[in-house]
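In what follows, a structure is listed as structure tokens, so that the remarks can point back to it.
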Number of protein chains: 2
Amino acid sequence: MKKLFYPKSVAVIGVSPNQTNLGRNIVFNLIDFGFDGIVYAVGANGGMFATRRIYKSLLDIPDHVDLAVILVPARFVPDILEECGQKGVQRAIIETAGFSEYSEEGRALEEQMIAIAEKYEIRFTGPNSIGAINMENGFCVPFARLEPQSHVGSVSMISQSGGVGMSIMNHMAKEGIGLNKFVSIGNASNISAEDLLEYMIEDEGTQIIFMYLEGINDGRRLMQLAKHSPKPVLVFKSNVGKLGHNIAASHTGALSSDDQVVEAAFHQCGITRVHDVTTLSNYMKTLRLPPLKGNRLAIISRSGGHAIIAADACEKTGFTLSEFPQEFIQEIEKHFRASVIKLTNPLDLGDILDLDVYRRIVSETLVRDNVDGVVFLHTSVDKTERDNNAKLIGSLAQMCQQQNKPVAIYLSAGEDEIDALMEQFDFPIFTRIVETFQALKLSYDHTQIIAGTSKDDDPPLFAVNSKRVNELVESGMSKKRNLLLHEAMEVLKQYGIPTIRSGVAASSVEAKNFADNFGYPVAMKLVSEDVLHKSDVGGVELNLRDGSTVEQSYDKMMARVRKSYPLAKLVGAMIQPMAARGRELIVGGRQDKQFGPVVLVGMGGIFVEIFEEATIRVAPISEREARAMVDELKGSQILQGARGQQKFDIDSLVEVILRISQLLVEFPKISELDINPLRINHENKGCVALDARIILNC
Amino acid sequence: MKKLFYPKSVAVIGVSPNQTNLGRNIVFNLIDFGFDGIVYAVGANGGMFATRRIYKSLLDIPDHVDLAVILVPARFVPDILEECGQKGVQRAIIETAGFSEYSEEGRALEEQMIAIAEKYEIRFTGPNSIGAINMENGFCVPFARLEPQSHVGSVSMISQSGGVGMSIMNHMAKEGIGLNKFVSIGNASNISAEDLLEYMIEDEGTQIIFMYLEGINDGRRLMQLAKHSPKPVLVFKSNVGKLGHNIAASHTGALSSDDQVVEAAFHQCGITRVHDVTTLSNYMKTLRLPPLKGNRLAIISRSGGHAIIAADACEKTGFTLSEFPQEFIQEIEKHFRASVIKLTNPLDLGDILDLDVYRRIVSETLVRDNVDGVVFLHTSVDKTERDNNAKLIGSLAQMCQQQNKPVAIYLSAGEDEIDALMEQFDFPIFTRIVETFQALKLSYDHTQIIAGTSKDDDPPLFAVNSKRVNELVESGMSKKRNLLLHEAMEVLKQYGIPTIRSGVAASSVEAKNFADNFGYPVAMKLVSEDVLHKSDVGGVELNLRDGSTVEQSYDKMMARVRKSYPLAKLVGAMIQPMAARGRELIVGGRQDKQFGPVVLVGMGGIFVEIFEEATIRVAPISEREARAMVDELKGSQILQGARGQQKFDIDSLVEVILRISQLLVEFPKISELDINPLRINHENKGCVALDARIILNC
């Protein structure tokens, strides 16, 4: 992949002498950004521009070419790629649009290109890519003419959309955040976002990775890579709602994903998700500071008002303020002209005007053991201070490195001064107080995540009877039907999940016999492969209190269902004893098309309406994750015994979740499963599945 | 108040020839901003600077002076104010700090100043103010030297902190938001934030009012003013958390408020609260557009990626996308070069490059009846487009005015270009997509609020027996004690709130008699003026099932309480029948020090732990507000009959809230009241208070 960003020779294909030709922009960008390799221009009509020869064909170039940038009409691209193969050009960036995102013909062309690339072992980005940039060697090939920049930064960006990538680069420039590499992946038909992420994780110049994605290709690989990345990975994933789906499909051909799964997956693998550029640029800033290892901050401010806003923000983001012991305050007090202001944290610099004293106070504060980081709120009062402000910021930046602790500098000043300072220092300057704390929070969370993932945290592996489950699944598959209620219950049982006693009755008499055997009251549930939602057709009866009621109910249920589904195959009804008291939960899972098996848990009963959402994770999960799923449930206080009430058996619930996780991983043919309800009893009393549904991928 | 911003002659007091003198900055600011009145410099030592005479005393100035700006050491300020009075100077801006926010001596000086001002009818802002600005006449008196600006905008700012005010002005300048007037109120010991708000509402040049407040002075007046303001009022209220309290007290002497009450009060009177400057500047931008009257938007974008992000943001903020009928799409299709892109809303401008066509498409879209506003996402591709971009923005701005509908322009471009455009147009340019929609949401909500407040929405007035309540309250006040349990229950009863049957027993025999009379089971609750939290000392027994249990329980309870409170005066115990099934709620209220009476309602029982918060309103409230309080309760679905369960009697709950609201308004001596629990029954079955606590302000 390195060859994509560090070519020694580049052919730009699609150049003409015409003033409006976009290929020329690519050549100009390479010149303007000071590319340290050789550039050849290629265009079918030949000619020249800007003192350069335009070769009529790639094959005419006398020397070896490392990389081709292709911007010719879509129908010519396969031929050009063929030529690349013949000439031994192994990397290409295809900027032409109008392929699978556009029409069926385009899709056919794209498939041709994929085949040619495979034949010659060419790796390419695009098509429908705006190009790539490497600030380290001046490799800059977007077809839009860019303002030359020389500043090499540490943030690299992988963007599915060229336009969005460009606008984020504008924001980064505005906020003084230096770029290292940029690549727009477009339709990603050969090199994927995950390939590029893998490269960026290894790339020396890259310290922070940002991805803009409209769709997710290989969710599992993305998670694996991010999980083991020592570098922070930030992702802006759009195409979340219904309104954006169509336009996304015609933009980069991106398919929509289940956003709840995306959210869970990112969380599990330590990807930080951003939803807007304001947050993004604050994160990019804070991640360039030394990591914040604890949550104890000191706030030092030139303005009392800023200190108040900062204290509020500090509290709201969950940080605490370090206590300053008396001797430290006395030390600091010496710097003040009149020692009357009550010194505390936040520290109002009050009547001190000398910036050198600010530096000393920050320095004395930062070295303290109980201070994990400093937020320094500065105000530029006057033009005359400009040079001193720059000096101060420079020395605070140095201080950060020496102490390996962050000093987040907020500066209130005119735009000119801020721009000049951002230009001068590759050190973040914040211009909004609340966001400064939100950004520090990320730095802190990131440190925690990195520390957390190093822990031994493997999913458990239970001894289960997967042979029997396989039989049930294969039997369903071969009959092209989902599992029947009692089969689904058996699957749970074979995976060690407690299920309620039950029997399947094929007649009212059998039903009564089971009921007599279990004791009253009982529940009766329809068993039929043709009825997916049995409650909707009156296929569930609860609290049947005696034998004659059971018999009557059986006949009535069959008649009722028969009316709704005249052709349905009715196996009979499952009879179960009614469960004792307890709380109802829903545990289940499904196969997600991008991320594979996911498990979920939610509150059941009346709480479904109130809390709505369930918590979700990509399987397999560890015990820690399963426990976190339960803790995150709104309403989990009830399980934990709110108001001195008895606790419920959370341990057994956690085990059910883990066993379901294992089941879904081991049986990808189970496309959907839910236990609804799972009844949870008080502590040490376990839980029991009362009903289950298993949908097969057949 | 107008004289504060439009003086014809100004004396700056505290000027010296010394280079570091801050008074000079004030004079320079007036000169630089082109003040259209006469400026006199005054300083105790006289002399001259910059060709101006420095008068030794205000009294030496031969002409009339409209306004004095005072920046002399604190101890001299009262004398200067005395001189103002003698000379007939009726307005002053006191910038000196070091008064009540600083020390007890300072507080004494400040009280002197207040008295002098009263004597001479002088109105002043400050002390501890950074000054004021009026862009209309170049009146600019902060003691920090400012960059001259000529652009007169429509936003006026009232800031408690000078430093924060200045930093927000920096942000406004950066975002191209023009200022009209600015005033820093500091300690606000004479002219208050509310006085200034009243003025700004009437001030012609002001269209949008922004206040930065660290404390709230007269909450009721603030609400009254905001409620009747036709201009949007934005407030950034800091000093919210615990960490900021001390520093706020020493900064502007601001006291903390109950933030939940502040939040409710702002909501009730239509104040839009902001918590950071990013949101603030987006709001200031969107409020300068014509109002968004409906929630149907059209998104038109040059970049597909931006369109996707916009569609997501549109959905997330609760807007919908207008449907484009076929004939309209055919009309638009004519503009496209190749008519292959599937046109829809969001509209991807695809292969159109001509900006004039963009203008025509936006125009054709904006006039449509089913389009309430347009979000136009533009990308500056290249330097050569700059002039055309400016032309396009100019005509879109005009279009907005003509159609009286908003076109929110998002622009992705280099910083230079954006700055230049913001300079050129007094029209908002957004640079972040997600925030653009959040800002439009505010515009929409604001229109709704304005429409809502015009509705007849008066609090009801119930016929109640306030005479008897007054007796109970006065009797408690005279004995310097809170109301006893049965008195509190009687207060509720006299205000028409259903209470459960009960009797106060002074012996175990009496207790049994009451219980026999009510029927079993019964509840028993301690009655004692000396025990505030009776549950904590075992003063509540529920579900007592027979007479002997009642007798024993009575004696045990008295003994138990006596052990905890040996000296407590024990009146006895209240006996009540146990309430039938239903849900428990808490209804109550208290006197807030800034906003007066507030009412609250919350879920009771197990839900207290889960949902925690209650909804709160400043009393008196209308029926609509009371109903909204219930709707906003997390868990209100239960009351509304979640999952086909029976509904609870919300109407009766609403009436209880309204009656409590009236009670608290009519009896300010009741400093705290709660009904806990109030048991609510199913529809049409009413609700009943089971327990009550009334704390008096004695």
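Within each chain, counting starts at residue 1; across the structure tokens, chains are named A, B, ... in the order shown, with ligands numbered 1 upward in that order.
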Query raised in the report: Mind checking DSSP for range 255-377 of chain B and telling me the strand (DSSP E) residues as a count of residues only?
Result: 18
Report task. Give the residues of chain A that lie within 6 Å of chain B; count only C-alpha atoms, and format the answer as a PyMOL selection string. Result -> chain A and resi 161+163-164+167+170+238-241+243-244+251+276+303-305+308-309+311-312+412+414+434
Query raised in the report: Per DSSP on the backbone, what are the helix (DSSP H, G or I) residues of range 112-320 of chain A, as a PyMOL selection string?
Result: chain A and resi 112-120+162-174+193-202+219-227+245-252+259-269+277-286+304-316
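Between CA of Pro620 in chain A and CA of Pro677 in chain A lies a distance of 22.2 Å.
Look at Met223 in chain B: the protein and nucleic acid residues within 9 Å of it, using only C-alpha atoms and passing over chain neighbours fewer than 6 places away, are Ala265, Phe266, Gln268, Cys269, Gly270, Ile271 and Phe595 of chain B.
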Just the selected residues (all heavy atoms), exported as a PDB file, in the first residue's frame, please.
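Okay, this is what ended up in part.pdb:
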ATOM      1  N   ALA B 265     -38.072  27.885  33.852  1.00  0.00           N
ATOM      2  CA  ALA B 265     -38.525  29.274  33.697  1.00  0.00           C
ATOM      3  C   ALA B 265     -38.229  29.770  32.287  1.00  0.00           C
ATOM      4  O   ALA B 265     -39.082  30.380  31.636  1.00  0.00           O
ATOM      5  CB  ALA B 265     -37.827  30.158  34.733  1.00  0.00           C
ATOM      6  N   PHE B 266     -37.030  29.483  31.805  1.00  0.00           N
ATOM      7  CA  PHE B 266     -36.658  29.931  30.458  1.00  0.00           C
ATOM      8  C   PHE B 266     -37.597  29.319  29.433  1.00  0.00           C
ATOM      9  O   PHE B 266     -38.081  29.978  28.525  1.00  0.00           O
ATOM     10  CB  PHE B 266     -35.214  29.543  30.137  1.00  0.00           C
ATOM     11  CG  PHE B 266     -34.184  30.426  30.795  1.00  0.00           C
ATOM     12  CD1 PHE B 266     -34.547  31.338  31.778  1.00  0.00           C
ATOM     13  CD2 PHE B 266     -32.843  30.350  30.438  1.00  0.00           C
ATOM     14  CE1 PHE B 266     -33.594  32.159  32.395  1.00  0.00           C
ATOM     15  CE2 PHE B 266     -31.887  31.157  31.036  1.00  0.00           C
ATOM     16  CZ  PHE B 266     -32.264  32.058  32.022  1.00  0.00           C
ATOM     17  N   GLN B 268     -40.612  28.316  29.902  1.00  0.00           N
ATOM     18  CA  GLN B 268     -41.961  28.868  30.011  1.00  0.00           C
ATOM     19  C   GLN B 268     -42.097  30.232  29.358  1.00  0.00           C
ATOM     20  O   GLN B 268     -43.149  30.563  28.843  1.00  0.00           O
ATOM     21  CB  GLN B 268     -42.359  28.990  31.496  1.00  0.00           C
ATOM     22  CG  GLN B 268     -42.845  27.706  32.096  1.00  0.00           C
ATOM     23  CD  GLN B 268     -43.111  27.852  33.581  1.00  0.00           C
ATOM     24  OE1 GLN B 268     -42.249  27.548  34.391  1.00  0.00           O
ATOM     25  NE2 GLN B 268     -44.294  28.309  33.958  1.00  0.00           N
ATOM     26  N   CYS B 269     -41.026  31.035  29.397  1.00  0.00           N
ATOM     27  CA  CYS B 269     -41.172  32.404  28.889  1.00  0.00           C
ATOM     28  C   CYS B 269     -40.540  32.546  27.512  1.00  0.00           C
ATOM     29  O   CYS B 269     -40.447  33.646  26.982  1.00  0.00           O
ATOM     30  CB  CYS B 269     -40.583  33.402  29.869  1.00  0.00           C
ATOM     31  SG  CYS B 269     -38.812  33.308  30.023  1.00  0.00           S
ATOM     32  N   GLY B 270     -40.137  31.440  26.913  1.00  0.00           N
ATOM     33  CA  GLY B 270     -39.649  31.504  25.532  1.00  0.00           C
ATOM     34  C   GLY B 270     -38.208  31.973  25.382  1.00  0.00           C
ATOM     35  O   GLY B 270     -37.782  32.340  24.295  1.00  0.00           O
ATOM     36  N   ILE B 271     -37.443  31.953  26.470  1.00  0.00           N
ATOM     37  CA  ILE B 271     -36.012  32.248  26.353  1.00  0.00           C
ATOM     38  C   ILE B 271     -35.312  31.008  25.807  1.00  0.00           C
ATOM     39  O   ILE B 271     -35.563  29.901  26.268  1.00  0.00           O
ATOM     40  CB  ILE B 271     -35.402  32.612  27.726  1.00  0.00           C
ATOM     41  CG1 ILE B 271     -35.863  34.008  28.159  1.00  0.00           C
ATOM     42  CG2 ILE B 271     -33.879  32.535  27.702  1.00  0.00           C
ATOM     43  CD1 ILE B 271     -35.369  34.412  29.545  1.00  0.00           C
ATOM     44  N   PHE B 595     -37.116  32.901  41.463  1.00  0.00           N
ATOM     45  CA  PHE B 595     -38.302  32.823  40.608  1.00  0.00           C
ATOM     46  C   PHE B 595     -39.620  32.695  41.375  1.00  0.00           C
ATOM     47  O   PHE B 595     -40.676  32.584  40.776  1.00  0.00           O
ATOM     48  CB  PHE B 595     -38.158  31.649  39.625  1.00  0.00           C
ATOM     49  CG  PHE B 595     -37.127  31.888  38.568  1.00  0.00           C
ATOM     50  CD1 PHE B 595     -35.830  31.461  38.730  1.00  0.00           C
ATOM     51  CD2 PHE B 595     -37.464  32.589  37.416  1.00  0.00           C
ATOM     52  CE1 PHE B 595     -34.868  31.694  37.755  1.00  0.00           C
ATOM     53  CE2 PHE B 595     -36.520  32.820  36.434  1.00  0.00           C
ATOM     54  CZ  PHE B 595     -35.215  32.380  36.604  1.00  0.00           C
TER      55      PHE B 595
END
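What separates CA of Ser363 in chain A from CA of Ile332 in chain A is a distance of 11.1 Å.
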Requested in this report: Please identify all polymer residues within 12 Å of Glu541 in chain B, counting only C-alpha atoms, omitting same-chain residues fewer than 3 positions from it, and present them as number ranges by chain.
Outcome: B: 521-526, 534-538, 544-545, 549-558, 573-578
Output file for the residues above (N, CA, C and O atoms, as a tab-separated table (two decimals), in the first residue's frame):
chain	number	residue	atom	x	y	z
B	521	PRO	N	-57.01	-3.30	55.93
B	521	PRO	CA	-55.84	-2.87	56.69
B	521	PRO	C	-55.76	-1.34	56.77
B	521	PRO	O	-56.39	-0.65	55.99
B	522	VAL	N	-54.96	-0.85	57.72
B	522	VAL	CA	-54.77	0.60	57.84
B	522	VAL	C	-53.28	0.96	57.83
B	522	VAL	O	-52.42	0.09	57.99
B	523	ALA	N	-53.04	2.27	57.65
B	523	ALA	CA	-51.68	2.79	57.77
B	523	ALA	C	-51.63	3.67	59.01
B	523	ALA	O	-52.64	4.25	59.42
B	524	MET	N	-50.45	3.73	59.61
B	524	MET	CA	-50.27	4.56	60.81
B	524	MET	C	-49.05	5.46	60.60
B	524	MET	O	-47.98	4.98	60.23
B	525	LYS	N	-49.24	6.77	60.81
B	525	LYS	CA	-48.15	7.71	60.55
B	525	LYS	C	-47.98	8.68	61.71
B	525	LYS	O	-48.95	9.29	62.16
B	526	LEU	N	-46.76	8.84	62.13
B	526	LEU	CA	-46.43	9.72	63.25
B	526	LEU	C	-46.88	11.16	62.99
B	526	LEU	O	-46.69	11.68	61.88
B	534	LYS	N	-40.42	11.38	59.02
B	534	LYS	CA	-40.94	10.36	59.93
B	534	LYS	C	-40.55	8.94	59.54
B	534	LYS	O	-40.34	8.10	60.39
B	535	SER	N	-40.37	8.68	58.23
B	535	SER	CA	-39.99	7.31	57.83
B	535	SER	C	-38.63	6.93	58.40
B	535	SER	O	-38.40	5.77	58.75
B	536	ASP	N	-37.74	7.91	58.47
B	536	ASP	CA	-36.38	7.62	58.91
B	536	ASP	C	-36.31	7.13	60.34
B	536	ASP	O	-35.34	6.48	60.74
B	537	VAL	N	-37.29	7.46	61.15
B	537	VAL	CA	-37.25	7.04	62.56
B	537	VAL	C	-38.32	5.99	62.85
B	537	VAL	O	-38.72	5.80	64.01
B	538	GLY	N	-38.81	5.34	61.79
B	538	GLY	CA	-39.82	4.31	62.00
B	538	GLY	C	-41.17	4.90	62.35
B	538	GLY	O	-41.95	4.30	63.09
B	544	LEU	N	-51.45	-2.56	58.46
B	544	LEU	CA	-51.76	-3.15	59.77
B	544	LEU	C	-53.13	-3.81	59.63
B	544	LEU	O	-54.11	-3.17	59.26
B	545	ARG	N	-53.19	-5.13	59.96
B	545	ARG	CA	-54.33	-5.93	59.52
B	545	ARG	C	-55.42	-6.17	60.57
B	545	ARG	O	-56.50	-6.66	60.25
B	549	THR	N	-52.87	-5.59	66.39
B	549	THR	CA	-51.64	-5.14	65.73
B	549	THR	C	-51.57	-3.61	65.76
B	549	THR	O	-50.50	-3.03	65.99
B	550	VAL	N	-52.70	-2.96	65.53
B	550	VAL	CA	-52.72	-1.50	65.54
B	550	VAL	C	-52.32	-0.99	66.93
B	550	VAL	O	-51.45	-0.11	67.05
B	551	GLU	N	-52.88	-1.57	67.93
B	551	GLU	CA	-52.57	-1.10	69.29
B	551	GLU	C	-51.09	-1.28	69.61
B	551	GLU	O	-50.43	-0.36	70.09
B	552	GLN	N	-50.61	-2.49	69.33
B	552	GLN	CA	-49.18	-2.74	69.61
B	552	GLN	C	-48.29	-1.82	68.80
B	552	GLN	O	-47.31	-1.28	69.29
B	553	SER	N	-48.64	-1.65	67.53
B	553	SER	CA	-47.82	-0.83	66.65
B	553	SER	C	-47.76	0.61	67.15
B	553	SER	O	-46.73	1.27	67.08
B	554	TYR	N	-48.90	1.09	67.64
B	554	TYR	CA	-48.92	2.46	68.15
B	554	TYR	C	-47.90	2.63	69.26
B	554	TYR	O	-47.06	3.53	69.23
B	555	ASP	N	-47.97	1.73	70.22
B	555	ASP	CA	-47.07	1.86	71.37
B	555	ASP	C	-45.61	1.71	70.96
B	555	ASP	O	-44.74	2.46	71.41
B	556	LYS	N	-45.37	0.72	70.10
B	556	LYS	CA	-43.99	0.53	69.65
B	556	LYS	C	-43.47	1.75	68.90
B	556	LYS	O	-42.33	2.17	69.06
B	557	MET	N	-44.32	2.33	68.06
B	557	MET	CA	-43.89	3.50	67.28
B	557	MET	C	-43.52	4.65	68.20
B	557	MET	O	-42.47	5.28	68.04
B	558	MET	N	-44.37	4.90	69.17
B	558	MET	CA	-44.08	6.02	70.07
B	558	MET	C	-42.77	5.79	70.83
B	558	MET	O	-41.95	6.69	70.96
B	573	ALA	N	-50.56	9.63	66.30
B	573	ALA	CA	-50.37	9.03	64.99
B	573	ALA	C	-51.64	9.18	64.16
B	573	ALA	O	-52.76	9.12	64.71
B	574	MET	N	-51.44	9.39	62.86
B	574	MET	CA	-52.59	9.47	61.98
B	574	MET	C	-52.90	8.06	61.48
B	574	MET	O	-52.01	7.33	61.07
B	575	ILE	N	-54.18	7.71	61.56
B	575	ILE	CA	-54.63	6.40	61.07
B	575	ILE	C	-55.39	6.63	59.76
B	575	ILE	O	-56.20	7.55	59.65
B	576	GLN	N	-55.04	5.85	58.72
B	576	GLN	CA	-55.71	5.96	57.42
B	576	GLN	C	-56.03	4.56	56.90
B	576	GLN	O	-55.25	3.64	57.13
B	577	PRO	N	-57.15	4.40	56.20
B	577	PRO	CA	-57.32	3.13	55.50
B	577	PRO	C	-56.23	3.01	54.44
B	577	PRO	O	-55.78	4.02	53.89
B	578	MET	N	-55.77	1.78	54.14
B	578	MET	CA	-54.79	1.60	53.06
B	578	MET	C	-55.49	1.89	51.73
B	578	MET	O	-56.61	1.46	51.51
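With only C-alpha atoms as the atoms that count, the residue of A:Ile13, A:Leu484, A:Ile694, A:Ile361 with the shortest distance to Asn45 in chain A is A:Ile13.
Checking A:Ile299, A:Leu355, A:Asp258, A:Ser548 one by one against Asn388 in chain A, counting only C-alpha atoms, you find the shortest gap at A:Leu355.
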